[in-house]
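Student: Pasting target_35.cif below, which is mmCIF, C-alpha atoms and all ligand atoms.
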data_protein
loop_
_atom_site.group_PDB
_atom_site.id
_atom_site.type_symbol
_atom_site.label_atom_id
_atom_site.label_comp_id
_atom_site.auth_asym_id
_atom_site.auth_seq_id
_atom_site.Cartn_x
_atom_site.Cartn_y
_atom_site.Cartn_z
ATOM 1 C CA MET A 1 56.348 38.920 28.176
ATOM 2 C CA PRO A 2 58.104 37.616 31.284
ATOM 3 C CA GLU A 3 57.887 33.826 31.495
ATOM 4 C CA LEU A 4 58.851 31.406 34.228
ATOM 5 C CA PRO A 5 62.645 31.973 34.070
ATOM 6 C CA GLU A 6 62.305 35.759 34.169
ATOM 7 C CA VAL A 7 59.801 35.680 37.035
ATOM 8 C CA GLU A 8 62.019 33.220 38.899
ATOM 9 C CA THR A 9 64.997 35.535 38.377
ATOM 10 C CA VAL A 10 62.986 38.436 39.804
ATOM 11 C CA ARG A 11 61.864 36.283 42.744
ATOM 12 C CA ARG A 12 65.437 35.436 43.693
ATOM 13 C CA GLY A 13 66.404 39.095 43.552
ATOM 14 C CA LEU A 14 63.397 40.056 45.689
ATOM 15 C CA ASN A 15 64.388 37.529 48.343
ATOM 16 C CA ASN A 16 67.908 38.935 48.451
ATOM 17 C CA LEU A 17 66.911 42.583 48.628
ATOM 18 C CA THR A 18 63.408 43.243 49.977
ATOM 19 C CA THR A 19 62.776 40.903 52.906
ATOM 20 C CA LYS A 20 62.820 41.479 56.696
ATOM 21 C CA GLN A 21 62.373 45.242 56.550
ATOM 22 C CA PRO A 22 59.143 47.148 57.180
ATOM 23 C CA ILE A 23 57.293 48.794 54.326
ATOM 24 C CA GLN A 24 57.050 52.432 55.401
ATOM 25 C CA LYS A 25 54.897 53.979 52.744
ATOM 26 C CA VAL A 26 52.823 52.917 49.760
ATOM 27 C CA GLU A 27 52.093 55.069 46.726
ATOM 28 C CA VAL A 28 49.658 53.888 44.076
ATOM 29 C CA LEU A 29 50.030 56.046 40.991
ATOM 30 C CA LEU A 30 47.655 54.019 38.832
ATOM 31 C CA PRO A 31 44.764 52.657 40.938
ATOM 32 C CA ARG A 32 43.653 50.070 38.392
ATOM 33 C CA THR A 33 46.929 48.233 38.936
ATOM 34 C CA LEU A 34 45.246 47.018 42.138
ATOM 35 C CA ALA A 35 43.275 43.863 41.471
ATOM 36 C CA TYR A 36 42.359 43.592 45.182
ATOM 37 C CA PRO A 37 41.264 45.202 47.357
ATOM 38 C CA PRO A 38 39.606 47.760 45.109
ATOM 39 C CA ASN A 39 39.870 50.283 47.933
ATOM 40 C CA LEU A 40 43.209 52.074 47.826
ATOM 41 C CA GLU A 41 43.315 52.763 51.568
ATOM 42 C CA GLN A 42 42.764 49.107 52.439
ATOM 43 C CA PHE A 43 45.712 48.193 50.232
ATOM 44 C CA GLU A 44 47.947 50.740 51.954
ATOM 45 C CA GLN A 45 46.794 49.774 55.448
ATOM 46 C CA GLY A 46 47.499 46.139 54.749
ATOM 47 C CA LEU A 47 51.086 46.798 53.733
ATOM 48 C CA ILE A 48 52.351 49.665 55.867
ATOM 49 C CA GLY A 49 54.442 48.531 58.830
ATOM 50 C CA VAL A 50 54.664 44.913 57.696
ATOM 51 C CA ALA A 51 57.717 43.164 56.304
ATOM 52 C CA ILE A 52 58.067 40.592 53.575
ATOM 53 C CA ALA A 53 59.075 37.261 55.061
ATOM 54 C CA HIS A 54 59.667 35.434 51.795
ATOM 55 C CA TRP A 55 58.817 35.584 48.089
ATOM 56 C CA TYR A 56 57.394 32.492 46.409
ATOM 57 C CA ARG A 57 56.569 31.871 42.764
ATOM 58 C CA ARG A 58 53.651 29.929 41.330
ATOM 59 C CA GLY A 59 53.551 29.904 37.519
ATOM 60 C CA LYS A 60 54.166 33.527 36.647
ATOM 61 C CA TYR A 61 52.705 34.843 39.925
ATOM 62 C CA LEU A 62 54.995 36.346 42.566
ATOM 63 C CA LEU A 63 53.657 35.811 46.087
ATOM 64 C CA ALA A 64 55.140 37.612 49.074
ATOM 65 C CA GLN A 65 54.311 36.242 52.500
ATOM 66 C CA LEU A 66 53.879 39.225 54.824
ATOM 67 C CA GLU A 67 54.644 39.353 58.533
ATOM 68 C CA SER A 68 54.385 41.810 61.397
ATOM 69 C CA GLU A 69 53.954 40.378 64.910
ATOM 70 C CA GLN A 70 52.291 37.431 63.238
ATOM 71 C CA SER A 71 51.022 36.458 59.838
ATOM 72 C CA ALA A 72 49.994 39.539 57.902
ATOM 73 C CA GLY A 73 48.630 38.062 54.699
ATOM 74 C CA TRP A 74 50.036 38.068 51.197
ATOM 75 C CA LEU A 75 51.107 40.480 48.494
ATOM 76 C CA GLY A 76 50.620 39.051 45.002
ATOM 77 C CA VAL A 77 52.148 40.474 41.817
ATOM 78 C CA HIS A 78 51.686 39.480 38.179
ATOM 79 C CA LEU A 79 53.950 41.277 35.703
ATOM 80 C CA ARG A 80 51.816 40.330 32.671
ATOM 81 C CA MET A 81 53.101 41.857 29.388
ATOM 82 C CA THR A 82 55.521 44.585 30.404
ATOM 83 C CA GLY A 83 55.563 44.871 34.201
ATOM 84 C CA GLN A 84 58.952 45.380 35.851
ATOM 85 C CA LEU A 85 59.875 45.424 39.513
ATOM 86 C CA LEU A 86 62.928 47.517 40.280
ATOM 87 C CA TRP A 87 64.860 47.953 43.525
ATOM 88 C CA LEU A 88 66.006 51.576 43.540
ATOM 89 C CA SER A 89 66.967 54.532 45.646
ATOM 90 C CA GLN A 90 63.888 56.681 46.310
ATOM 91 C CA ASP A 91 65.836 59.567 44.762
ATOM 92 C CA CYS A 92 65.902 57.863 41.384
ATOM 93 C CA PRO A 93 63.642 59.953 39.079
ATOM 94 C CA LEU A 94 60.283 58.302 38.454
ATOM 95 C CA GLN A 95 59.996 56.437 35.161
ATOM 96 C CA LYS A 96 57.094 57.666 33.030
ATOM 97 C CA HIS A 97 55.174 54.417 33.544
ATOM 98 C CA THR A 98 55.685 54.051 37.294
ATOM 99 C CA ARG A 99 52.483 52.516 38.752
ATOM 100 C CA ILE A 100 53.194 51.541 42.363
ATOM 101 C CA ARG A 101 55.940 52.423 44.867
ATOM 102 C CA LEU A 102 56.649 50.525 48.093
ATOM 103 C CA LEU A 103 59.012 52.609 50.216
ATOM 104 C CA PHE A 104 61.491 50.847 52.504
ATOM 105 C CA PRO A 105 64.064 52.031 55.081
ATOM 106 C CA HIS A 106 67.442 53.425 54.038
ATOM 107 C CA ASN A 107 65.843 55.456 51.244
ATOM 108 C CA GLN A 108 65.203 52.296 49.199
ATOM 109 C CA GLU A 109 62.062 51.389 47.292
ATOM 110 C CA LEU A 110 60.473 48.605 45.289
ATOM 111 C CA ARG A 111 59.071 50.308 42.194
ATOM 112 C CA PHE A 112 56.597 48.787 39.739
ATOM 113 C CA VAL A 113 56.951 50.161 36.209
ATOM 114 C CA ASP A 114 54.514 48.941 33.558
ATOM 115 C CA THR A 115 54.153 50.462 30.083
ATOM 116 C CA ARG A 116 51.152 48.449 28.911
ATOM 117 C CA THR A 117 49.350 48.559 32.320
ATOM 118 C CA PHE A 118 48.232 44.913 32.346
ATOM 119 C CA GLY A 119 50.281 44.118 35.475
ATOM 120 C CA LYS A 120 48.366 43.469 38.716
ATOM 121 C CA PHE A 121 48.872 43.684 42.488
ATOM 122 C CA TRP A 122 46.798 41.938 45.154
ATOM 123 C CA TYR A 123 46.789 42.344 48.920
ATOM 124 C CA VAL A 124 45.247 39.283 50.580
ATOM 125 C CA PRO A 125 44.403 39.749 54.289
ATOM 126 C CA PRO A 126 45.571 36.928 56.604
ATOM 127 C CA GLU A 127 42.084 35.595 57.323
ATOM 128 C CA ILE A 128 41.310 35.026 53.631
ATOM 129 C CA GLU A 129 42.314 32.045 51.505
ATOM 130 C CA ILE A 130 44.820 33.323 48.906
ATOM 131 C CA GLN A 131 43.300 31.346 46.023
ATOM 132 C CA SER A 132 39.892 32.863 46.628
ATOM 133 C CA ILE A 133 41.333 36.322 45.880
ATOM 134 C CA ILE A 134 44.000 35.511 43.285
ATOM 135 C CA THR A 135 41.680 33.193 41.405
ATOM 136 C CA GLY A 136 44.159 32.563 38.574
ATOM 137 C CA LEU A 137 46.098 30.347 41.004
ATOM 138 C CA GLN A 138 43.237 27.839 41.042
ATOM 139 C CA LYS A 139 43.675 27.062 37.367
ATOM 140 C CA LEU A 140 47.418 26.483 37.313
ATOM 141 C CA GLY A 141 48.833 23.098 36.414
ATOM 142 C CA PRO A 142 51.975 21.730 38.070
ATOM 143 C CA GLU A 143 55.292 23.547 38.115
ATOM 144 C CA PRO A 144 57.635 22.162 35.451
ATOM 145 C CA PHE A 145 60.268 21.308 38.073
ATOM 146 C CA ALA A 146 57.836 19.640 40.443
ATOM 147 C CA ALA A 147 57.464 15.875 40.776
ATOM 148 C CA GLU A 148 53.805 16.286 39.697
ATOM 149 C CA PHE A 149 55.002 17.221 36.233
ATOM 150 C CA SER A 150 55.938 13.628 35.467
ATOM 151 C CA LEU A 151 56.218 12.066 32.037
ATOM 152 C CA GLU A 152 53.066 10.048 32.802
ATOM 153 C CA TYR A 153 51.146 13.188 33.752
ATOM 154 C CA PHE A 154 52.305 15.033 30.613
ATOM 155 C CA ALA A 155 51.487 12.107 28.299
ATOM 156 C CA HIS A 156 48.050 11.825 29.865
ATOM 157 C CA GLN A 157 47.381 15.553 29.343
ATOM 158 C CA LEU A 158 48.281 15.272 25.639
ATOM 159 C CA SER A 159 46.188 12.201 24.985
ATOM 160 C CA ASN A 160 42.904 12.921 23.194
ATOM 161 C CA ARG A 161 43.763 16.607 22.707
ATOM 162 C CA ARG A 162 43.173 17.838 19.199
ATOM 163 C CA ARG A 163 44.842 21.197 19.651
ATOM 164 C CA HIS A 164 48.253 22.129 18.207
ATOM 165 C CA ILE A 165 51.044 21.097 20.536
ATOM 166 C CA LYS A 166 52.380 24.681 20.677
ATOM 167 C CA THR A 167 48.994 26.026 21.767
ATOM 168 C CA LEU A 168 48.728 23.311 24.391
ATOM 169 C CA LEU A 169 52.129 24.208 25.874
ATOM 170 C CA LEU A 170 50.864 27.756 26.441
ATOM 171 C CA ASP A 171 47.885 26.444 28.432
ATOM 172 C CA GLN A 172 48.784 27.240 32.043
ATOM 173 C CA SER A 173 46.442 24.547 33.343
ATOM 174 C CA ILE A 174 48.623 21.820 31.794
ATOM 175 C CA VAL A 175 51.983 23.125 32.970
ATOM 176 C CA ALA A 176 52.537 26.489 34.665
ATOM 177 C CA GLY A 177 54.912 29.176 33.486
ATOM 178 C CA ILE A 178 55.627 28.422 29.807
ATOM 179 C CA GLY A 179 55.078 31.272 27.355
ATOM 180 C CA ASN A 180 55.768 31.879 23.698
ATOM 181 C CA ILE A 181 59.573 31.908 23.851
ATOM 182 C CA TYR A 182 60.084 28.677 25.751
ATOM 183 C CA ALA A 183 57.349 26.838 23.879
ATOM 184 C CA ASP A 184 59.191 27.500 20.601
ATOM 185 C CA GLU A 185 62.558 26.642 22.114
ATOM 186 C CA ALA A 186 61.359 23.383 23.673
ATOM 187 C CA LEU A 187 59.669 22.266 20.437
ATOM 188 C CA PHE A 188 62.845 22.905 18.455
ATOM 189 C CA LYS A 189 64.973 21.101 21.004
ATOM 190 C CA SER A 190 62.705 18.061 20.780
ATOM 191 C CA GLY A 191 62.434 18.162 16.948
ATOM 192 C CA ILE A 192 58.659 18.597 16.915
ATOM 193 C CA LEU A 193 56.734 20.902 14.559
ATOM 194 C CA PRO A 194 54.615 23.407 16.519
ATOM 195 C CA ASN A 195 51.493 22.670 14.483
ATOM 196 C CA LEU A 196 51.374 18.916 15.183
ATOM 197 C CA VAL A 197 48.112 17.900 16.800
ATOM 198 C CA ALA A 198 48.874 16.821 20.362
ATOM 199 C CA VAL A 199 47.124 13.461 20.169
ATOM 200 C CA ASN A 200 49.349 12.471 17.206
ATOM 201 C CA LEU A 201 52.641 12.785 19.110
ATOM 202 C CA THR A 202 54.476 9.493 19.614
ATOM 203 C CA GLN A 203 55.589 8.336 23.066
ATOM 204 C CA ILE A 204 59.194 9.107 22.072
ATOM 205 C CA GLN A 205 58.258 12.635 21.004
ATOM 206 C CA ILE A 206 56.357 13.226 24.241
ATOM 207 C CA LYS A 207 59.350 12.043 26.252
ATOM 208 C CA ARG A 208 61.735 14.302 24.329
ATOM 209 C CA LEU A 209 59.420 17.289 24.697
ATOM 210 C CA HIS A 210 58.934 16.713 28.421
ATOM 211 C CA GLN A 211 62.688 16.751 28.961
ATOM 212 C CA ALA A 212 63.209 19.729 26.607
ATOM 213 C CA ILE A 213 60.691 21.846 28.578
ATOM 214 C CA ILE A 214 62.634 21.276 31.769
ATOM 215 C CA ASP A 215 65.992 21.835 30.050
ATOM 216 C CA VAL A 216 65.198 25.135 28.306
ATOM 217 C CA LEU A 217 63.633 26.619 31.429
ATOM 218 C CA GLN A 218 66.535 25.535 33.625
ATOM 219 C CA THR A 219 69.107 26.854 31.137
ATOM 220 C CA SER A 220 67.421 30.230 31.062
ATOM 221 C CA ILE A 221 67.104 30.450 34.842
ATOM 222 C CA ASN A 222 70.803 29.659 35.123
ATOM 223 C CA GLN A 223 71.492 32.563 32.782
ATOM 224 C CA GLY A 224 69.231 35.049 34.563
ATOM 225 C CA GLY A 225 66.238 35.151 32.197
ATOM 226 C CA THR A 226 66.078 36.280 28.579
ATOM 227 C CA THR A 227 66.528 39.556 26.769
ATOM 228 C CA PHE A 228 63.663 39.054 24.316
ATOM 229 C CA SER A 229 61.045 41.220 25.925
ATOM 230 C CA ASP A 230 63.186 44.020 27.357
ATOM 231 C CA PHE A 231 63.373 41.929 30.490
ATOM 232 C CA LEU A 232 65.377 43.508 33.288
ATOM 233 C CA ASP A 233 66.145 41.967 36.637
ATOM 234 C CA LEU A 234 65.499 43.815 39.880
ATOM 235 C CA LEU A 235 68.611 45.951 39.538
ATOM 236 C CA GLY A 236 67.900 46.824 35.907
ATOM 237 C CA VAL A 237 70.314 44.314 34.376
ATOM 238 C CA SER A 238 69.140 42.335 31.347
ATOM 239 C CA GLY A 239 69.474 38.571 31.018
ATOM 240 C CA ASN A 240 71.502 36.996 28.238
ATOM 241 C CA TYR A 241 69.504 34.049 26.923
ATOM 242 C CA GLY A 242 68.914 36.095 23.741
ATOM 243 C CA ASP A 243 72.422 35.294 22.585
ATOM 244 C CA THR A 244 71.769 31.589 22.719
ATOM 245 C CA ALA A 245 68.145 31.265 21.526
ATOM 246 C CA LEU A 246 67.732 28.328 19.180
ATOM 247 C CA VAL A 247 64.795 29.627 17.138
ATOM 248 C CA TYR A 248 62.867 32.356 18.943
ATOM 249 C CA GLY A 249 63.354 35.762 17.274
ATOM 250 C CA ARG A 250 65.664 34.242 14.632
ATOM 251 C CA LYS A 251 63.422 34.417 11.523
ATOM 252 C CA GLY A 252 65.522 34.045 8.363
ATOM 253 C CA GLU A 253 68.687 33.289 10.312
ATOM 254 C CA PRO A 254 70.428 29.947 9.789
ATOM 255 C CA CYS A 255 69.371 27.076 12.038
ATOM 256 C CA ARG A 256 72.101 26.385 14.576
ATOM 257 C CA LEU A 257 72.030 22.690 13.687
ATOM 258 C CA CYS A 258 71.478 22.532 9.901
ATOM 259 C CA ASN A 259 71.774 26.104 8.518
ATOM 260 C CA THR A 260 68.227 26.055 7.051
ATOM 261 C CA PRO A 261 66.655 29.525 7.501
ATOM 262 C CA ILE A 262 64.384 29.634 10.571
ATOM 263 C CA GLU A 263 60.751 30.226 9.645
ATOM 264 C CA LYS A 264 58.172 32.312 11.436
ATOM 265 C CA THR A 265 54.442 31.725 11.301
ATOM 266 C CA LYS A 266 51.325 32.455 13.382
ATOM 267 C CA LEU A 267 49.703 29.761 15.437
ATOM 268 C CA GLY A 268 46.728 30.458 17.661
ATOM 269 C CA GLY A 269 47.459 34.147 17.220
ATOM 270 C CA ARG A 270 51.018 33.807 18.515
ATOM 271 C CA SER A 271 54.223 34.232 16.527
ATOM 272 C CA THR A 272 55.909 30.866 16.205
ATOM 273 C CA HIS A 273 59.487 30.085 15.147
ATOM 274 C CA PHE A 274 60.741 26.717 13.891
ATOM 275 C CA CYS A 275 63.267 24.973 11.633
ATOM 276 C CA PRO A 276 61.452 23.219 8.737
ATOM 277 C CA SER A 277 64.298 20.677 8.472
ATOM 278 C CA CYS A 278 65.022 19.784 12.097
ATOM 279 C CA GLN A 279 61.387 19.671 13.213
ATOM 280 C CA SER A 280 58.861 17.198 11.824
HETATM 281 ZN ZN ZN A 301 67.584 22.931 11.485
#
Could you quickly redo this structure as structure tokens?
Tutor:
Amino acid sequence: MPELPEVETVRRGLNNLTTKQPIQKVEVLLPRTLAYPPNLEQFEQGLIGVAIAHWYRRGKYLLAQLESEQSAGWLGVHLRMTGQLLWLSQDCPLQKHTRIRLLFPHNQELRFVDTRTFGKFWYVPPEIEIQSIITGLQKLGPEPFAAEFSLEYFAHQLSNRRRHIKTLLLDQSIVAGIGNIYADEALFKSGILPNLVAVNLTQIQIKRLHQAIIDVLQTSINQGGTTFSDFLDLLGVSGNYGDTALVYGRKGEPCRLCNTPIEKTKLGGRSTHFCPSCQS
């Protein structure tokens, strides 16, 4: 599943390739990919003839500010489990799981391919508040790189919580954008067992974890996202964080610090990787 670094990598590619050119045609091959508006024609009418001014990211949401003569609303995209945005020539044969095509000048297109079909698109007209349509935005906690995600904020969020720390890291209302991969990586980096109850973490552990979250996300962004979930960037190139993962996907392999075999367990229904020696 794409997490913050992958979505951020896609966002940067989208800003380089798709902005300042009018969308000429819209093809929706799987109507239920549209979260809003439910009416296919309204979606097409909202997008045709407008250009994308800029792509933003909030958590794992991609938000394109649209413009024509003036403000033209927003296009929202969530990749969910398997969604991929690809910048291609329109002549490129359609992938089996192509769901939406936005056709641009010079025979180019932005193509949305999604095997599992959980990915969503929203068109938000200019007169409507974006959070009232893309309601998931209302529940998001701070961005991990924002000043709001301070050590004090994080410590306060963990106080009195009786959930496992791993499960808490996946809660998008505490900090936005962390998924299964980076939760495991950050917990290893800070030497904390995933099944510790949040309220029992010491101040030192909280401080280490706070820094590790920022570090693992930044490292992955610098490397163009991961390869764990068949992630491809906009031009179909995979990231390379997979070569340097500390624990994720390394069950049975020697820990990079102490050579103890990495263990894999289930926590809150999610596969969880950790080193039983380095983490306590
Ligand atoms: Zn170890």
Student: Leaving out segment 118-124 of chain A and any residue of its chain fewer than 4 positions from it, which residues lie within 8 Å of it when counting all atoms listed in the file, given as a list in words?
Tutor: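 Residues near the query, excluding close chain neighbours: Thr33, Leu34, Ala35, Tyr36, Pro37, Phe43, Gly46, Leu47, Gly73, Trp74, Leu75, Gly76, Val77, His78, Leu79, Arg80, Met81, Thr82, Gly83, Asp114, Ile128, Glu129, Ile130, Ile133 and Ile134 of chain A.
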Student: With C-alpha atoms retained, could you export that selection as a PDB file, in the coordinates of the input?
Tutor:
ATOM      1  CA  THR A  33      46.929  48.233  38.936  1.00  0.00           C
ATOM      2  CA  LEU A  34      45.246  47.018  42.138  1.00  0.00           C
ATOM      3  CA  ALA A  35      43.275  43.863  41.471  1.00  0.00           C
ATOM      4  CA  TYR A  36      42.359  43.592  45.182  1.00  0.00           C
ATOM      5  CA  PRO A  37      41.264  45.202  47.357  1.00  0.00           C
ATOM      6  CA  PHE A  43      45.712  48.193  50.232  1.00  0.00           C
ATOM      7  CA  GLY A  46      47.499  46.139  54.749  1.00  0.00           C
ATOM      8  CA  LEU A  47      51.086  46.798  53.733  1.00  0.00           C
ATOM      9  CA  GLY A  73      48.630  38.062  54.699  1.00  0.00           C
ATOM     10  CA  TRP A  74      50.036  38.068  51.197  1.00  0.00           C
ATOM     11  CA  LEU A  75      51.107  40.480  48.494  1.00  0.00           C
ATOM     12  CA  GLY A  76      50.620  39.051  45.002  1.00  0.00           C
ATOM     13  CA  VAL A  77      52.148  40.474  41.817  1.00  0.00           C
ATOM     14  CA  HIS A  78      51.686  39.480  38.179  1.00  0.00           C
ATOM     15  CA  LEU A  79      53.950  41.277  35.703  1.00  0.00           C
ATOM     16  CA  ARG A  80      51.816  40.330  32.671  1.00  0.00           C
ATOM     17  CA  MET A  81      53.101  41.857  29.388  1.00  0.00           C
ATOM     18  CA  THR A  82      55.521  44.585  30.404  1.00  0.00           C
ATOM     19  CA  GLY A  83      55.563  44.871  34.201  1.00  0.00           C
ATOM     20  CA  ASP A 114      54.514  48.941  33.558  1.00  0.00           C
ATOM     21  CA  ILE A 128      41.310  35.026  53.631  1.00  0.00           C
ATOM     22  CA  GLU A 129      42.314  32.045  51.505  1.00  0.00           C
ATOM     23  CA  ILE A 130      44.820  33.323  48.906  1.00  0.00           C
ATOM     24  CA  ILE A 133      41.333  36.322  45.880  1.00  0.00           C
ATOM     25  CA  ILE A 134      44.000  35.511  43.285  1.00  0.00           C
TER      26      ILE A 134
END
Student: Would you mind listing the residues within 6 Å of ligand ZN 301 (chain A), counting all atoms listed in the file, as a list in words?
Tutor: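 After applying the 6 Å limit, what remains is Cys255, Leu257, Cys258, Thr260, Cys275, Ser277 and Cys278 of chain A.
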Student: Keeping C-alpha atoms for every residue in the selection just given, could you write it to a file as a PDB file, in the coordinates of the input?
Tutor:
ATOM      1  CA  CYS A 255      69.371  27.076  12.038  1.00  0.00           C
ATOM      2  CA  LEU A 257      72.030  22.690  13.687  1.00  0.00           C
ATOM      3  CA  CYS A 258      71.478  22.532   9.901  1.00  0.00           C
ATOM      4  CA  THR A 260      68.227  26.055   7.051  1.00  0.00           C
ATOM      5  CA  CYS A 275      63.267  24.973  11.633  1.00  0.00           C
ATOM      6  CA  SER A 277      64.298  20.677   8.472  1.00  0.00           C
ATOM      7  CA  CYS A 278      65.022  19.784  12.097  1.00  0.00           C
TER       8      CYS A 278
END
Student: Using only C-alpha atoms for the distances, tell me which of A:Ser271, A:Thr202, A:Gln211, A:Gln108 is nearest to Phe149 of chain A.
Tutor: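 Between A:Ser271, A:Thr202, A:Gln211, A:Gln108, the residue approaching Phe149 of chain A most closely is A:Gln211.
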Student: One decimal, in Å: what's the spacing between atom CA of Leu102 of chain A and atom CA of Val26 of chain A?
Tutor: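 Between these atoms lies a distance of 4.8 Å.
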Student: From the options A:Leu137, A:Leu187, A:Leu201, A:Leu94, which residue's atoms come nearest to Leu246 of chain A, counting all atoms listed in the file?
Tutor: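 Checking each of A:Leu137, A:Leu187, A:Leu201, A:Leu94 against Leu246 of chain A, counting all atoms listed in the file, the winner is A:Leu187.
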Student: Calculated over all atoms listed in the file, which of the candidates A:Leu86, A:Leu103, A:Ile48, A:Val10 has the smallest distance to Leu235 of chain A?
Tutor: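 Checking each candidate against Leu235 of chain A, we get A:Leu86 as the closest.
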Student: Rank nothing, just name the residue among A:Ser238, A:Thr167, A:Thr9, A:Gln205 nearest to Ser280 of chain A, using all atoms listed in the file.
Tutor: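 Ranking A:Ser238, A:Thr167, A:Thr9, A:Gln205 by distance to Ser280 of chain A, first place goes to A:Gln205.
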Student: Please write as a PyMOL selection string the full residue list that the PyMOL selection byres (((chain A and resi 158) around 10) and not hetatm) yields on this file.
Tutor: chain A and resi 153-157+159-163+165+168-169+174+197-201+206
Student: Could you work out how far atom CA of Asp91 of chain A lies from atom CA of His106 of chain A, giving the answer in Å with one decimal?
Tutor: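 These two atoms are separated by 11.2 Å.
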Student: Which residues are close to Val113 of chain A, i.e. within 6 Å by only C-alpha atoms, leaving aside same-chain residues fewer than 4 positions away? Reply as a VMD selection string.
Tutor: chain A and resid 83 to 84 97 to 99
Student: For the provided coordinates, the residues matched by the PyMOL selection byres (((chain A and resi 141) around 7) and not hetatm) should be stated as a list of chain:residue names.
Tutor: A:Lys139, A:Leu140, A:Pro142, A:Glu143, A:Gln172, A:Ser173, A:Ile174, A:Val175, A:Ala176
Student: Could you turn the residues from that selection into a file that holds C-alpha atoms, as a compact mmCIF listing (two decimals), in the coordinates of the input?
Tutor:
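part27.txt written:
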# COMPACT_ATOMS: atom_id res chain seq x y z
CA LYS A 139 43.68 27.06 37.37
CA LEU A 140 47.42 26.48 37.31
CA PRO A 142 51.98 21.73 38.07
CA GLU A 143 55.29 23.55 38.12
CA GLN A 172 48.78 27.24 32.04
CA SER A 173 46.44 24.55 33.34
CA ILE A 174 48.62 21.82 31.79
CA VAL A 175 51.98 23.12 32.97
CA ALA A 176 52.54 26.49 34.66
Student: Which value, in Å to one decimal, gives the distance between atom CA of Gly224 of chain A and atom CA of His54 of chain A?
Tutor: 19.7 Å
